[in-house]
file work.pdb (PDB, C-alpha atoms)
ATOM      1  CA  MET A   1      17.291  23.177 -13.947
ATOM      2  CA  LEU A   2      16.542  26.172 -11.718
ATOM      3  CA  ASP A   3      16.343  29.597 -13.336
ATOM      4  CA  ARG A   4      16.075  32.570 -10.983
ATOM      5  CA  SER A   5      15.156  35.133 -13.681
ATOM      6  CA  ARG A   6      18.361  37.112 -13.117
ATOM      7  CA  THR A   7      18.201  40.705 -14.271
ATOM      8  CA  ARG A   8      21.004  42.092 -16.449
ATOM      9  CA  THR A   9      22.406  45.591 -16.802
ATOM     10  CA  GLY A  10      21.267  47.137 -20.081
ATOM     11  CA  TYR A  11      17.956  45.251 -20.046
ATOM     12  CA  PRO A  12      14.655  46.188 -18.388
ATOM     13  CA  ASP A  13      13.763  44.034 -15.396
ATOM     14  CA  GLY A  14      10.877  42.412 -17.254
ATOM     15  CA  ALA A  15      13.231  41.031 -19.908
ATOM     16  CA  ALA A  16      14.510  38.568 -17.304
ATOM     17  CA  LEU A  17      11.131  36.824 -17.381
ATOM     18  CA  THR A  18      11.176  36.557 -21.169
ATOM     19  CA  HIS A  19      14.699  35.154 -20.919
ATOM     20  CA  THR A  20      13.452  32.537 -18.446
ATOM     21  CA  ILE A  21      10.702  31.436 -20.833
ATOM     22  CA  GLU A  22      13.196  31.170 -23.696
ATOM     23  CA  ARG A  23      15.518  29.117 -21.514
ATOM     24  CA  ALA A  24      12.708  26.761 -20.498
ATOM     25  CA  VAL A  25      11.798  26.154 -24.133
ATOM     26  CA  ALA A  26      15.451  25.339 -24.873
ATOM     27  CA  ALA A  27      15.714  23.106 -21.784
ATOM     28  CA  GLU A  28      12.726  21.068 -22.935
ATOM     29  CA  ARG A  29      14.283  20.640 -26.362
ATOM     30  CA  LEU A  30      17.561  19.529 -24.733
ATOM     31  CA  GLY A  31      15.790  16.838 -22.711
ATOM     32  CA  TYR A  32      15.919  18.318 -19.201
ATOM     33  CA  HIS A  33      13.475  16.633 -16.819
ATOM     34  CA  ARG A  34      12.436  19.602 -14.672
ATOM     35  CA  PHE A  35      12.512  23.379 -14.973
ATOM     36  CA  TRP A  36      12.027  25.265 -11.714
ATOM     37  CA  VAL A  37      11.723  28.959 -10.894
ATOM     38  CA  ALA A  38      12.423  30.955  -7.748
ATOM     39  CA  GLU A  39      10.732  33.314  -5.340
ATOM     40  CA  HIS A  40      12.637  36.392  -4.213
ATOM     41  CA  HIS A  41      11.068  39.650  -3.092
ATOM     42  CA  ALA A  42      12.315  43.174  -3.870
ATOM     43  CA  VAL A  43      15.745  41.938  -5.013
ATOM     44  CA  PRO A  44      17.219  44.115  -7.817
ATOM     45  CA  GLY A  45      18.990  41.133  -9.353
ATOM     46  CA  ILE A  46      15.978  38.793  -9.542
ATOM     47  CA  ALA A  47      12.705  39.451 -11.353
ATOM     48  CA  SER A  48      10.817  36.362 -10.159
ATOM     49  CA  GLY A  49       8.742  37.110  -7.059
ATOM     50  CA  SER A  50       5.764  34.881  -7.849
ATOM     51  CA  PRO A  51       6.481  31.325  -9.041
ATOM     52  CA  PRO A  52       2.822  30.465  -9.831
ATOM     53  CA  VAL A  53       2.483  33.418 -12.223
ATOM     54  CA  LEU A  54       5.715  32.577 -14.041
ATOM     55  CA  LEU A  55       4.893  28.857 -14.148
ATOM     56  CA  GLY A  56       1.614  29.681 -15.875
ATOM     57  CA  ALA A  57       3.549  31.412 -18.649
ATOM     58  CA  LEU A  58       6.087  28.581 -18.868
ATOM     59  CA  GLY A  59       3.340  26.012 -19.217
ATOM     60  CA  ALA A  60       1.883  27.913 -22.162
ATOM     61  CA  HIS A  61       5.228  27.803 -23.994
ATOM     62  CA  THR A  62       6.232  24.187 -23.257
ATOM     63  CA  SER A  63       4.515  20.835 -23.541
ATOM     64  CA  THR A  64       6.408  18.031 -21.761
ATOM     65  CA  ILE A  65       9.024  19.287 -19.281
ATOM     66  CA  ARG A  66       8.014  19.270 -15.616
ATOM     67  CA  LEU A  67       7.557  22.745 -14.144
ATOM     68  CA  GLY A  68       8.047  23.667 -10.525
ATOM     69  CA  SER A  69       9.075  26.037  -7.793
ATOM     70  CA  GLY A  70      12.481  26.133  -6.261
ATOM     71  CA  GLY A  71      10.715  27.189  -4.259
ATOM     72  CA  VAL A  72       7.615  28.772  -2.827
ATOM     73  CA  MET A  73       8.630  30.455   0.440
ATOM     74  CA  LEU A  74       5.820  29.100   2.584
ATOM     75  CA  PRO A  75       6.166  31.527   5.536
ATOM     76  CA  HIS A  76       4.908  34.289   3.216
ATOM     77  CA  HIS A  77       1.752  32.470   2.091
ATOM     78  CA  GLN A  78      -1.380  30.827   3.417
ATOM     79  CA  PRO A  79      -1.199  27.060   2.704
ATOM     80  CA  LEU A  80      -4.717  27.049   1.235
ATOM     81  CA  VAL A  81      -3.784  29.753  -1.287
ATOM     82  CA  VAL A  82      -0.628  27.871  -2.338
ATOM     83  CA  ALA A  83      -2.678  24.692  -2.762
ATOM     84  CA  GLU A  84      -5.222  26.497  -4.929
ATOM     85  CA  GLN A  85      -2.537  28.078  -7.089
ATOM     86  CA  PHE A  86      -0.796  24.789  -7.835
ATOM     87  CA  LEU A  87      -4.037  22.881  -8.284
ATOM     88  CA  MET A  88      -5.019  25.450 -10.902
ATOM     89  CA  LEU A  89      -1.663  25.082 -12.627
ATOM     90  CA  ASP A  90      -1.972  21.298 -12.535
ATOM     91  CA  ALA A  91      -5.436  21.506 -14.072
ATOM     92  CA  LEU A  92      -4.008  23.584 -16.920
ATOM     93  CA  TYR A  93      -0.887  21.457 -17.376
ATOM     94  CA  PRO A  94      -1.828  18.024 -15.967
ATOM     95  CA  GLY A  95       0.876  15.877 -14.434
ATOM     96  CA  ARG A  96       3.666  18.399 -15.003
ATOM     97  CA  LEU A  97       3.800  20.356 -11.724
ATOM     98  CA  ASP A  98       6.322  20.118  -8.884
ATOM     99  CA  LEU A  99       5.936  22.076  -5.655
ATOM    100  CA  GLY A 100       9.218  22.855  -3.926
ATOM    101  CA  LEU A 101       8.854  24.547  -0.538
ATOM    102  CA  GLY A 102      11.312  26.728   1.350
ATOM    103  CA  ARG A 103      11.302  28.883   4.458
ATOM    104  CA  THR A 104      13.703  31.712   3.569
ATOM    105  CA  LEU A 105      12.497  35.099   4.738
ATOM    106  CA  GLY A 106      13.137  38.445   3.048
ATOM    107  CA  PHE A 107      16.800  39.400   2.802
ATOM    108  CA  THR A 108      16.418  42.783   4.511
ATOM    109  CA  ALA A 109      14.367  44.161   7.400
ATOM    110  CA  PRO A 110      12.282  46.496   5.169
ATOM    111  CA  VAL A 111      11.374  43.604   2.878
ATOM    112  CA  ARG A 112      10.419  41.409   5.833
ATOM    113  CA  ARG A 113       8.215  44.187   7.184
ATOM    114  CA  ALA A 114       6.580  44.582   3.771
ATOM    115  CA  LEU A 115       5.889  40.838   3.790
ATOM    116  CA  ARG A 116       4.466  41.107   7.321
ATOM    117  CA  HIS A 117       7.105  38.758   8.661
ATOM    118  CA  GLU A 118       9.867  39.244  11.225
ATOM    119  CA  LEU A 119      12.823  37.066  12.217
ATOM    120  CA  ASP A 120      11.589  36.529  15.782
ATOM    121  CA  GLU A 121       8.215  35.087  14.788
ATOM    122  CA  PRO A 122       7.502  31.409  15.569
ATOM    123  CA  ASP A 123       8.676  28.911  12.958
ATOM    124  CA  THR A 124       5.569  27.137  11.638
ATOM    125  CA  PHE A 125       7.165  25.723   8.490
ATOM    126  CA  ALA A 126       6.526  22.073   9.407
ATOM    127  CA  GLU A 127       2.912  22.710  10.373
ATOM    128  CA  ASP A 128       2.333  24.742   7.218
ATOM    129  CA  ILE A 129       3.691  21.947   5.006
ATOM    130  CA  GLU A 130       1.415  19.408   6.666
ATOM    131  CA  GLU A 131      -1.581  21.708   6.278
ATOM    132  CA  LEU A 132      -0.738  22.299   2.622
ATOM    133  CA  ARG A 133      -0.344  18.577   2.048
ATOM    134  CA  GLY A 134      -3.755  18.068   3.614
ATOM    135  CA  TYR A 135      -5.363  20.460   1.129
ATOM    136  CA  LEU A 136      -3.638  18.798  -1.812
ATOM    137  CA  ASP A 137      -4.584  15.309  -0.580
ATOM    138  CA  ARG A 138      -8.149  16.332   0.401
ATOM    139  CA  THR A 139      -7.759  15.339   4.054
ATOM    140  CA  GLU A 140      -8.529  18.807   5.446
ATOM    141  CA  ALA A 141     -12.020  20.028   6.360
ATOM    142  CA  VAL A 142     -11.794  22.519   3.483
ATOM    143  CA  THR A 143     -11.487  21.143  -0.062
ATOM    144  CA  ALA A 144      -9.087  23.134  -2.197
ATOM    145  CA  ARG A 145     -10.150  23.389  -5.829
ATOM    146  CA  PRO A 146      -9.930  22.466  -8.569
ATOM    147  CA  VAL A 147      -9.625  18.895  -7.294
ATOM    148  CA  ALA A 148      -6.678  17.089  -8.878
ATOM    149  CA  ALA A 149      -6.850  13.571 -10.258
ATOM    150  CA  HIS A 150      -3.327  12.802  -8.964
ATOM    151  CA  GLN A 151      -0.789  13.995  -6.422
ATOM    152  CA  ILE A 152       1.379  17.029  -7.014
ATOM    153  CA  PRO A 153       4.908  16.092  -5.850
ATOM    154  CA  LEU A 154       6.236  18.024  -2.855
ATOM    155  CA  PHE A 155       9.905  18.772  -2.175
ATOM    156  CA  VAL A 156      11.576  20.421   0.831
ATOM    157  CA  LEU A 157      14.355  22.886   0.021
ATOM    158  CA  ALA A 158      16.947  22.662   2.768
ATOM    159  CA  THR A 159      20.287  24.201   3.600
ATOM    160  CA  GLY A 160      20.560  22.610   7.035
ATOM    161  CA  ARG A 161      17.858  21.777   9.578
ATOM    162  CA  GLY A 162      15.252  21.387   6.844
ATOM    163  CA  VAL A 163      16.873  18.070   5.917
ATOM    164  CA  ALA A 164      15.671  16.494   9.160
ATOM    165  CA  LEU A 165      12.214  17.935   8.584
ATOM    166  CA  ALA A 166      12.028  16.361   5.119
ATOM    167  CA  SER A 167      12.998  13.031   6.659
ATOM    168  CA  ARG A 168      10.272  13.271   9.304
ATOM    169  CA  LEU A 169       7.607  14.278   6.788
ATOM    170  CA  GLY A 170       8.607  11.589   4.299
ATOM    171  CA  LEU A 171       9.413  13.989   1.460
ATOM    172  CA  PRO A 172      12.236  14.345  -1.073
ATOM    173  CA  VAL A 173      14.842  16.901  -0.084
ATOM    174  CA  VAL A 174      16.708  19.442  -2.205
ATOM    175  CA  VAL A 175      20.084  20.180  -0.624
ATOM    176  CA  GLY A 176      22.203  23.186  -1.500
ATOM    177  CA  GLY A 177      24.147  26.066  -0.054
ATOM    178  CA  PRO A 178      26.739  25.845   2.726
ATOM    179  CA  VAL A 179      25.689  22.361   3.861
ATOM    180  CA  LEU A 180      27.157  20.907   0.644
ATOM    181  CA  TYR A 181      30.605  22.085   1.753
ATOM    182  CA  SER A 182      30.165  21.225   5.401
ATOM    183  CA  PRO A 183      32.229  18.440   7.008
ATOM    184  CA  ARG A 184      28.873  17.249   8.420
ATOM    185  CA  LEU A 185      27.386  16.557   4.968
ATOM    186  CA  ASP A 186      27.755  12.781   5.279
ATOM    187  CA  GLU A 187      26.195  12.885   8.729
ATOM    188  CA  VAL A 188      23.284  15.072   7.591
ATOM    189  CA  LEU A 189      22.426  12.980   4.539
ATOM    190  CA  GLY A 190      23.010   9.742   6.421
ATOM    191  CA  ALA A 191      20.532  10.825   9.092
ATOM    192  CA  TYR A 192      17.998  11.793   6.414
ATOM    193  CA  ARG A 193      18.149   8.353   4.833
ATOM    194  CA  LYS A 194      18.283   6.465   8.136
ATOM    195  CA  ASP A 195      15.404   8.345   9.787
ATOM    196  CA  PHE A 196      13.217   8.701   6.701
ATOM    197  CA  ARG A 197       9.591   7.924   7.405
ATOM    198  CA  PRO A 198       7.839   6.595   4.281
ATOM    199  CA  SER A 199       4.735   8.556   3.383
ATOM    200  CA  SER A 200       1.969   8.455   0.819
ATOM    201  CA  ARG A 201       4.168  10.693  -1.324
ATOM    202  CA  ALA A 202       7.493   8.907  -1.040
ATOM    203  CA  SER A 203       8.220   5.322  -0.076
ATOM    204  CA  GLU A 204      11.953   5.933   0.225
ATOM    205  CA  PRO A 205      14.345   8.866   0.676
ATOM    206  CA  SER A 206      15.322  10.940  -2.342
ATOM    207  CA  VAL A 207      18.083  13.557  -2.466
ATOM    208  CA  ILE A 208      18.378  16.283  -5.090
ATOM    209  CA  VAL A 209      21.610  18.262  -4.964
ATOM    210  CA  SER A 210      21.523  21.912  -6.076
ATOM    211  CA  VAL A 211      24.750  23.016  -7.750
ATOM    212  CA  ASP A 212      25.968  26.069  -9.666
ATOM    213  CA  VAL A 213      27.186  24.630 -13.000
ATOM    214  CA  LEU A 214      28.695  26.334 -16.046
ATOM    215  CA  VAL A 215      30.307  24.581 -18.999
ATOM    216  CA  ALA A 216      32.518  26.119 -21.697
ATOM    217  CA  ASP A 217      35.222  24.927 -24.058
ATOM    218  CA  THR A 218      37.957  25.531 -21.480
ATOM    219  CA  ASP A 219      38.214  25.948 -17.721
ATOM    220  CA  ALA A 220      39.333  29.568 -18.164
ATOM    221  CA  GLU A 221      36.343  30.434 -20.352
ATOM    222  CA  ALA A 222      33.950  28.820 -17.869
ATOM    223  CA  ALA A 223      35.506  30.812 -15.007
ATOM    224  CA  GLU A 224      34.826  34.013 -16.963
ATOM    225  CA  LEU A 225      31.192  32.968 -17.403
ATOM    226  CA  ALA A 226      30.924  32.396 -13.660
ATOM    227  CA  LEU A 227      32.389  35.814 -12.843
ATOM    228  CA  PRO A 228      29.197  37.959 -13.128
ATOM    229  CA  GLU A 229      27.373  35.884 -10.506
ATOM    230  CA  ALA A 230      30.439  35.768  -8.250
ATOM    231  CA  TRP A 231      30.845  39.537  -8.583
ATOM    232  CA  ALA A 232      27.187  40.220  -7.765
ATOM    233  CA  MET A 233      27.410  38.015  -4.689
ATOM    234  CA  ALA A 234      30.654  39.579  -3.484
ATOM    235  CA  ARG A 235      29.326  43.107  -4.014
ATOM    236  CA  SER A 236      26.122  42.280  -2.150
ATOM    237  CA  ARG A 237      28.187  41.511   0.924
ATOM    238  CA  GLN A 238      29.545  45.056   0.691
ATOM    239  CA  THR A 239      26.452  47.009  -0.320
ATOM    240  CA  GLY A 240      23.628  44.898   1.089
ATOM    241  CA  GLU A 241      22.043  44.783  -2.356
ATOM    242  CA  PHE A 242      22.151  41.795  -4.722
ATOM    243  CA  GLY A 243      22.324  43.505  -8.093
ATOM    244  CA  PRO A 244      21.863  42.663 -11.781
ATOM    245  CA  LEU A 245      24.430  40.663 -13.706
ATOM    246  CA  GLU A 246      27.112  42.773 -15.354
ATOM    247  CA  PRO A 247      29.237  42.038 -18.454
ATOM    248  CA  VAL A 248      32.651  40.533 -17.735
ATOM    249  CA  ALA A 249      34.460  43.450 -19.391
ATOM    250  CA  SER A 250      32.658  45.917 -17.135
ATOM    251  CA  ILE A 251      33.557  43.923 -14.037
ATOM    252  CA  ARG A 252      37.213  43.662 -15.063
ATOM    253  CA  SER A 253      37.415  47.433 -15.587
ATOM    254  CA  GLN A 254      36.312  48.237 -12.035
ATOM    255  CA  THR A 255      38.508  48.621  -8.970
ATOM    256  CA  TRP A 256      38.486  45.504  -6.804
ATOM    257  CA  SER A 257      39.190  45.733  -3.099
ATOM    258  CA  GLY A 258      41.142  42.907  -1.519
ATOM    259  CA  GLN A 259      38.053  41.743   0.318
ATOM    260  CA  VAL A 260      35.913  41.676  -2.837
ATOM    261  CA  ARG A 261      38.620  39.725  -4.659
ATOM    262  CA  GLU A 262      38.734  37.132  -1.880
ATOM    263  CA  ARG A 263      34.949  36.752  -1.953
ATOM    264  CA  VAL A 264      34.884  36.426  -5.740
ATOM    265  CA  GLU A 265      37.594  33.766  -5.634
ATOM    266  CA  ALA A 266      35.771  31.879  -2.875
ATOM    267  CA  HIS A 267      32.541  31.901  -4.884
ATOM    268  CA  LEU A 268      34.314  30.696  -8.036
ATOM    269  CA  ALA A 269      35.921  27.873  -6.048
ATOM    270  CA  ARG A 270      32.446  26.622  -5.070
ATOM    271  CA  THR A 271      31.116  26.872  -8.621
ATOM    272  CA  THR A 272      31.247  23.780 -10.813
ATOM    273  CA  ALA A 273      32.640  25.612 -13.828
ATOM    274  CA  GLY A 274      34.964  24.236 -16.449
ATOM    275  CA  SER A 275      35.404  22.296 -19.652
ATOM    276  CA  PRO A 276      33.080  19.331 -20.262
ATOM    277  CA  GLU A 277      35.697  16.950 -18.880
ATOM    278  CA  THR A 278      36.311  19.059 -15.766
ATOM    279  CA  VAL A 279      32.600  19.384 -15.049
ATOM    280  CA  ARG A 280      32.009  15.691 -15.622
ATOM    281  CA  ARG A 281      34.724  14.755 -13.098
ATOM    282  CA  ARG A 282      33.422  17.185 -10.472
ATOM    283  CA  LEU A 283      29.833  15.992 -10.870
ATOM    284  CA  GLU A 284      30.954  12.377 -10.584
ATOM    285  CA  ARG A 285      32.716  13.177  -7.313
ATOM    286  CA  LEU A 286      29.634  14.988  -6.059
ATOM    287  CA  ALA A 287      27.422  12.030  -6.939
ATOM    288  CA  GLU A 288      29.773   9.677  -5.095
ATOM    289  CA  THR A 289      29.905  11.953  -2.054
ATOM    290  CA  THR A 290      26.178  12.578  -1.748
ATOM    291  CA  GLY A 291      24.562   9.561  -3.415
ATOM    292  CA  ALA A 292      22.247  12.099  -5.040
ATOM    293  CA  ASP A 293      19.293  10.874  -7.069
ATOM    294  CA  GLU A 294      19.091  14.058  -9.152
ATOM    295  CA  LEU A 295      21.128  17.142  -9.951
ATOM    296  CA  LEU A 296      19.443  20.551  -9.863
ATOM    297  CA  ALA A 297      21.612  22.910 -11.887
ATOM    298  CA  PHE A 298      21.165  26.554 -11.007
ATOM    299  CA  THR A 299      23.389  28.837 -12.960
ATOM    300  CA  SER A 300      23.452  32.229 -14.572
ATOM    301  CA  THR A 301      25.795  34.471 -16.505
ATOM    302  CA  TYR A 302      25.482  37.767 -18.349
ATOM    303  CA  ASP A 303      26.063  36.315 -21.823
ATOM    304  CA  ARG A 304      22.778  34.609 -22.706
ATOM    305  CA  ASP A 305      24.155  32.796 -25.757
ATOM    306  CA  ALA A 306      26.932  31.366 -23.598
ATOM    307  CA  GLN A 307      24.318  30.419 -20.994
ATOM    308  CA  LEU A 308      22.292  28.427 -23.515
ATOM    309  CA  ALA A 309      25.470  26.802 -24.868
ATOM    310  CA  SER A 310      26.399  25.815 -21.301
ATOM    311  CA  ASP A 311      22.946  24.289 -20.775
ATOM    312  CA  ALA A 312      23.371  22.256 -23.965
ATOM    313  CA  ALA A 313      26.848  21.076 -22.940
ATOM    314  CA  LEU A 314      25.614  20.052 -19.488
ATOM    315  CA  ALA A 315      22.741  18.113 -21.034
ATOM    316  CA  GLN A 316      25.264  16.275 -23.208
ATOM    317  CA  ILE A 317      27.459  15.485 -20.193
ATOM    318  CA  MET A 318      24.520  14.119 -18.210
ATOM    319  CA  THR A 319      23.132  12.108 -21.146
ATOM    320  CA  THR A 320      26.520  10.538 -21.796
ATOM    321  CA  GLN A 321      26.988   9.776 -18.096
ATOM    322  CA  ILE A 322      23.554   8.163 -17.790
ATOM    323  CA  MET A 323      24.152   6.000 -20.863
ATOM    324  CA  THR A 324      27.569   4.949 -19.533
ATOM    325  CA  THR A 325      26.049   4.029 -16.156
ATOM    326  CA  GLN A 326      23.299   2.003 -17.827
ATOM    327  CA  ILE A 327      25.847   0.116 -19.960
ATOM    328  CA  MET A 328      28.031  -0.617 -16.916
ATOM    329  CA  THR A 329      25.011  -1.829 -14.931
ATOM    330  CA  THR A 330      23.962  -4.105 -17.789
ATOM    331  CA  GLU A 331      27.470  -5.532 -18.054
ATOM    332  CA  VAL A 332      27.625  -6.227 -14.311
ATOM    333  CA  ARG A 333      24.272  -8.007 -14.396
ATOM    334  CA  ALA A 334      25.373 -10.069 -17.365
ATOM    335  CA  GLU A 335      28.450 -11.239 -15.481
ATOM    336  CA  VAL A 336      26.509 -12.456 -12.452
ATOM    337  CA  PRO A 337      25.940 -16.200 -12.875
ATOM    338  CA  PRO A 338      22.370 -17.441 -12.425
ATOM    339  CA  ARG A 339      21.558 -19.087  -9.126
ATOM    340  CA  SER A 340      21.225 -22.825  -9.228
TER     341      SER A 340
END

call {"tool": "encode", "arguments": {"input": "work.pdb", "output": "structure tokens"}}
result
Amino acid sequence: MLDRSRTRTGYPDGAALTHTIERAVAAERLGYHRFWVAEHHAVPGIASGSPPVLLGALGAHTSTIRLGSGGVMLPHHQPLVVAEQFLMLDALYPGRLDLGLGRTLGFTAPVRRALRHELDEPDTFAEDIEELRGYLDRTEAVTARPVAAHQIPLFVLATGRGVALASRLGLPVVVGGPVLYSPRLDEVLGAYRKDFRPSSRASEPSVIVSVDVLVADTDAEAAELALPEAWAMARSRQTGEFGPLEPVASIRSQTWSGQVRERVEAHLARTTAGSPETVRRRLERLAETTGADELLAFTSTYDRDAQLASDAALAQIMTTQIMTTQIMTTEVRAEVPPRS
């Protein structure tokens, strides 16, 4: 699960961080394997600008679930500092840390200037990952501390060209965004698996698919839950500002331009929202299409109780699906006659 610490109208910004902690505690109880947080800078709709700080708080409130970044935007940080931050977290919460790495820059020119980064600067993402890996694996001239007793898993977040980079570096890839709906998806993932170079961190390719998922009793109810995020995204295209989540009733009472309506409908069409049966079918198709090893569910809605209920329903869908797959695999094996 990826939680972006979405802000909500009627709440102070800082409440989004408390909500994230509460959601992580619930996710652990529901049996989720990983809980990741995001890095966004100066975005009104997102309170999480520093994954390591938030992960420290999450670790103090949980005990078993893996905690990670989805992800640390490496262009904004020195690799040594990132290594030190995650080594410290791993020392506090041993064996529970994941380090997802992305290259997204600030959304606006003022934010990029504040981060001392411009669009026309050289892309050093690959070199920075290798340097960071060197600090974590103690192969660099400088030893990052505290020294870990085991490897911290690395993941490359990719919406396109990063997939090839993950293949070359021998790292698991997290795929999301427009590439999931691209006619080249099969080609992109096929190339990743074909060209994958085994590394000390991964002996074989691994694909995690990032999907916006919401579950409710009916398809119509789930579509209403998905509306606040769709509205915020559509409005951001108009205003240039990605804002807090708003209640559904407030959104419905506002005047919608034709363009905003089209953008909302397009966003809802890409969201995996529906009844448990609808969501199960769509996730099965996605698994068949991508051959994904894991699902990373990122989702948000204004109604926090409905959000937690959706998380619980998704956990039930995935648990049932895993058990069904295990039973089918066992049955197939049982039917194969022993070799003479």

call {"tool": "atom_distance", "arguments": {"input": "work.pdb", "atom1": "CA of Glu265 (chain A)", "atom2": "CA of Thr289 (chain A)"}}
result
23.4 Å

call {"tool": "resolve_selection", "arguments": {"input": "work.pdb", "expression": "the PyMOL selection byres ((chain A and resi 294) around 9)", "output": "PDB file with C-alpha atoms, in the coordinates of the input"}}
result
ATOM      1  CA  SER A 206      15.322  10.940  -2.342  1.00  0.00           C
ATOM      2  CA  VAL A 207      18.083  13.557  -2.466  1.00  0.00           C
ATOM      3  CA  ILE A 208      18.378  16.283  -5.090  1.00  0.00           C
ATOM      4  CA  VAL A 209      21.610  18.262  -4.964  1.00  0.00           C
ATOM      5  CA  SER A 210      21.523  21.912  -6.076  1.00  0.00           C
ATOM      6  CA  ALA A 287      27.422  12.030  -6.939  1.00  0.00           C
ATOM      7  CA  ALA A 292      22.247  12.099  -5.040  1.00  0.00           C
ATOM      8  CA  ASP A 293      19.293  10.874  -7.069  1.00  0.00           C
ATOM      9  CA  LEU A 295      21.128  17.142  -9.951  1.00  0.00           C
ATOM     10  CA  LEU A 296      19.443  20.551  -9.863  1.00  0.00           C
TER      11      LEU A 296
END

call {"tool": "residues_around", "arguments": {"input": "work.pdb", "residues": "region 134-149 of chain A", "least_positions_apart": "4", "cutoff": "9 Å", "atoms": "only C-alpha atoms", "output": "ChimeraX atom specification"}}
result
/A:79-81,83-84,86-88,90-91,94,129-130

call {"tool": "write_last_selection", "arguments": {"input": "work.pdb", "atoms": "C-alpha atoms", "output": "PDB file, in the frame of the given file"}}
result
ATOM      1  CA  PRO A  79      -1.199  27.060   2.704  1.00  0.00           C
ATOM      2  CA  LEU A  80      -4.717  27.049   1.235  1.00  0.00           C
ATOM      3  CA  VAL A  81      -3.784  29.753  -1.287  1.00  0.00           C
ATOM      4  CA  ALA A  83      -2.678  24.692  -2.762  1.00  0.00           C
ATOM      5  CA  GLU A  84      -5.222  26.497  -4.929  1.00  0.00           C
ATOM      6  CA  PHE A  86      -0.796  24.789  -7.835  1.00  0.00           C
ATOM      7  CA  LEU A  87      -4.037  22.881  -8.284  1.00  0.00           C
ATOM      8  CA  MET A  88      -5.019  25.450 -10.902  1.00  0.00           C
ATOM      9  CA  ASP A  90      -1.972  21.298 -12.535  1.00  0.00           C
ATOM     10  CA  ALA A  91      -5.436  21.506 -14.072  1.00  0.00           C
ATOM     11  CA  PRO A  94      -1.828  18.024 -15.967  1.00  0.00           C
ATOM     12  CA  ILE A 129       3.691  21.947   5.006  1.00  0.00           C
ATOM     13  CA  GLU A 130       1.415  19.408   6.666  1.00  0.00           C
TER      14      GLU A 130
END

call {"tool": "resolve_selection", "arguments": {"input": "work.pdb", "expression": "the PyMOL selection byres ((chain A and resi 9) around 6)", "output": "count of residues only"}}
result
5

call {"tool": "residues_near_point", "arguments": {"input": "work.pdb", "point": "(12.5, 29.7, -9.1)", "cutoff": "6 Å", "atoms": "all atoms listed in the file", "output": "NGL selection string"}}
result
:A and (2-4 or 36-39 or 69-71)

call {"tool": "write_last_selection", "arguments": {"input": "work.pdb", "atoms": "C-alpha atoms", "output": "mmCIF file, in the frame of the given file"}}
result
data_model
loop_
_atom_site.group_PDB
_atom_site.id
_atom_site.type_symbol
_atom_site.label_atom_id
_atom_site.label_comp_id
_atom_site.auth_asym_id
_atom_site.auth_seq_id
_atom_site.Cartn_x
_atom_site.Cartn_y
_atom_site.Cartn_z
ATOM 1 C CA LEU A 2 16.542 26.172 -11.718
ATOM 2 C CA ASP A 3 16.343 29.597 -13.336
ATOM 3 C CA ARG A 4 16.075 32.570 -10.983
ATOM 4 C CA TRP A 36 12.027 25.265 -11.714
ATOM 5 C CA VAL A 37 11.723 28.959 -10.894
ATOM 6 C CA ALA A 38 12.423 30.955 -7.748
ATOM 7 C CA GLU A 39 10.732 33.314 -5.340
ATOM 8 C CA SER A 69 9.075 26.037 -7.793
ATOM 9 C CA GLY A 70 12.481 26.133 -6.261
ATOM 10 C CA GLY A 71 10.715 27.189 -4.259
#

call {"tool": "closest_residue", "arguments": {"input": "work.pdb", "among": "A:Gly31, A:Pro75, A:Gly291, A:Pro228", "to": "Leu268 (chain A)", "atoms": "only C-alpha atoms"}}
result
A:Pro228

call {"tool": "closest_residue", "arguments": {"input": "work.pdb", "among": "A:Ala230, A:Arg280, A:Pro198, A:Thr290", "to": "Thr320 (chain A)", "atoms": "all atoms listed in the file"}}
result
A:Arg280

call {"tool": "atom_distance", "arguments": {"input": "work.pdb", "atom1": "CA of Leu283 (chain A)", "atom2": "CA of Arg197 (chain A)"}}
result
28.4 Å

call {"tool": "residues_around", "arguments": {"input": "work.pdb", "residues": "Ala57 (chain A)", "least_positions_apart": "6", "cutoff": "12 Å", "atoms": "only C-alpha atoms", "output": "compact mmCIF listing (two decimals) with C-alpha atoms, in the frame of the given file"}}
result
# COMPACT_ATOMS: atom_id res chain seq x y z
CA LEU A 17 11.13 36.82 -17.38
CA THR A 18 11.18 36.56 -21.17
CA HIS A 19 14.70 35.15 -20.92
CA THR A 20 13.45 32.54 -18.45
CA ILE A 21 10.70 31.44 -20.83
CA GLU A 22 13.20 31.17 -23.70
CA ALA A 24 12.71 26.76 -20.50
CA VAL A 25 11.80 26.15 -24.13
CA VAL A 37 11.72 28.96 -10.89
CA SER A 50 5.76 34.88 -7.85
CA PRO A 51 6.48 31.32 -9.04
CA SER A 63 4.51 20.84 -23.54
CA LEU A 67 7.56 22.74 -14.14
CA LEU A 89 -1.66 25.08 -12.63
CA LEU A 92 -4.01 23.58 -16.92
CA TYR A 93 -0.89 21.46 -17.38

call {"tool": "resolve_selection", "arguments": {"input": "work.pdb", "expression": "the PyMOL selection byres ((chain A and resi 118) around 12)", "output": "list in words"}}
result
Pro75, His76, Thr104, Leu105, Gly106, Phe107, Thr108, Ala109, Pro110, Val111, Arg112, Arg113, Ala114, Leu115, Arg116, His117, Leu119, Asp120, Glu121, Pro122 and Asp123 of chain A

call {"tool": "atom_distance", "arguments": {"input": "work.pdb", "atom1": "CA of Ile251 (chain A)", "atom2": "CA of Glu221 (chain A)"}}
result
15.2 Å

call {"tool": "residues_near_point", "arguments": {"input": "work.pdb", "point": "(18.7, 34.7, -10.0)", "cutoff": "10 Å", "atoms": "all atoms listed in the file", "output": "list in words"}}
result
Leu2, Asp3, Arg4, Ser5, Arg6, Thr7, Ala16, Val37, Ala38, Glu39, His40, Val43, Pro44, Gly45, Ile46, Ala47, Ser48, Glu229, Phe242, Gly243, Pro244, Leu245, Phe298, Thr299, Ser300 and Thr301 of chain A
